[in-house]
Amino acid sequence: MAAQQAASDQSKRRHKHEGPQKHIVAFIFSIVLTLIAFAAVGSVGEVNTTFIYIILIVMAILQVVIQMAYWMHMKDKGHLLPIIFILGGAVVAFTCIIMASYWVWWG
């Protein structure tokens with residue numbers, strides 16, 4: 001009796017599998033973002049280039065968020081430490097880019 005209760009409790013505690021639905025939606029969203037980026041680059045002569053750069057940066061950021069959330073499972077519990085390290089690396093990288101730009105143009 002106790003063994004059955006323990007097995008039942010353990011099956012309830014197991015991580016619920018998402019299924020393919022969320023992955024399919026994330027894949028389709030990634031494809032749509034890629035098509036928007038291609039369309040933006042294809043309209044270089046017709047649209048202001050600053051607007052195209054902004055669109056490309058926004059599409060890239062959204063693409064990174066989708067990839068990390070759904071394909072690298074960063075949205076799940078227990079992934080706080082990798083997220084902290086990734087954000088720390090992003091801060092260091094952006095700091096280096098900003099300082100290198102400063103040294104080149106105003107140094």
# chains A, B, ... in the order shown; residues from 1 in each chain; ligands from 1
$ select_by_dssp --residues "chain A" --states "helix (DSSP H, G or I)" --output "ChimeraX atom specification"
/A:2-13,20-42,49-71,80-106
$ residues_around --residues "A:Gln67" --least-positions-apart "4" --cutoff "12 Å" --atoms "only C-alpha atoms" --output "VMD selection string"
chain A and resid 23 25 to 31 33 60 to 63 71 to 75
$ write_last_selection --atoms "C-alpha atoms" --output "PDB file, in the first residue's frame"
ATOM      1  CA  HIS A  23       7.755  24.223 -30.010  1.00  0.00           C
ATOM      2  CA  VAL A  25       4.446  27.808 -32.377  1.00  0.00           C
ATOM      3  CA  ALA A  26       7.952  29.018 -31.439  1.00  0.00           C
ATOM      4  CA  PHE A  27       9.346  27.630 -34.706  1.00  0.00           C
ATOM      5  CA  ILE A  28       6.655  29.354 -36.770  1.00  0.00           C
ATOM      6  CA  PHE A  29       7.224  32.616 -34.885  1.00  0.00           C
ATOM      7  CA  SER A  30      10.971  32.334 -35.575  1.00  0.00           C
ATOM      8  CA  ILE A  31      10.286  31.813 -39.282  1.00  0.00           C
ATOM      9  CA  LEU A  33      10.609  37.003 -37.642  1.00  0.00           C
ATOM     10  CA  ALA A  60      17.275  39.858 -33.531  1.00  0.00           C
ATOM     11  CA  ILE A  61      16.397  40.501 -29.882  1.00  0.00           C
ATOM     12  CA  LEU A  62      13.037  38.751 -30.256  1.00  0.00           C
ATOM     13  CA  GLN A  63      14.743  35.845 -32.007  1.00  0.00           C
ATOM     14  CA  TRP A  71      14.786  25.763 -27.414  1.00  0.00           C
ATOM     15  CA  MET A  72      17.226  26.227 -24.513  1.00  0.00           C
ATOM     16  CA  HIS A  73      14.395  25.907 -21.915  1.00  0.00           C
ATOM     17  CA  MET A  74      15.490  28.989 -19.983  1.00  0.00           C
ATOM     18  CA  LYS A  75      11.868  29.627 -19.003  1.00  0.00           C
TER      19      LYS A  75
END
$ closest_residue --among "A:Ala39, A:Leu87, A:Ala100, A:Ile24" --to "A:Ile66" --atoms "only C-alpha atoms"
A:Ile24
$ atom_distance --atom1 "atom CA of A:Gly42" --atom2 "atom CA of A:Leu56"
11.8 Å
$ residues_around --residues "A:Ala40" --least-positions-apart "4" --cutoff "7 Å" --atoms "only C-alpha atoms" --output "list in words"
Ile36, Val44 and Ile52 of chain A
$ closest_residue --among "A:Pro20, A:Lys77, A:Ile86, A:Val104" --to "A:Val65" --atoms "only C-alpha atoms"
A:Ile86
$ atom_distance --atom1 "atom CA of A:Met68" --atom2 "atom CA of A:Gly89"
14.7 Å
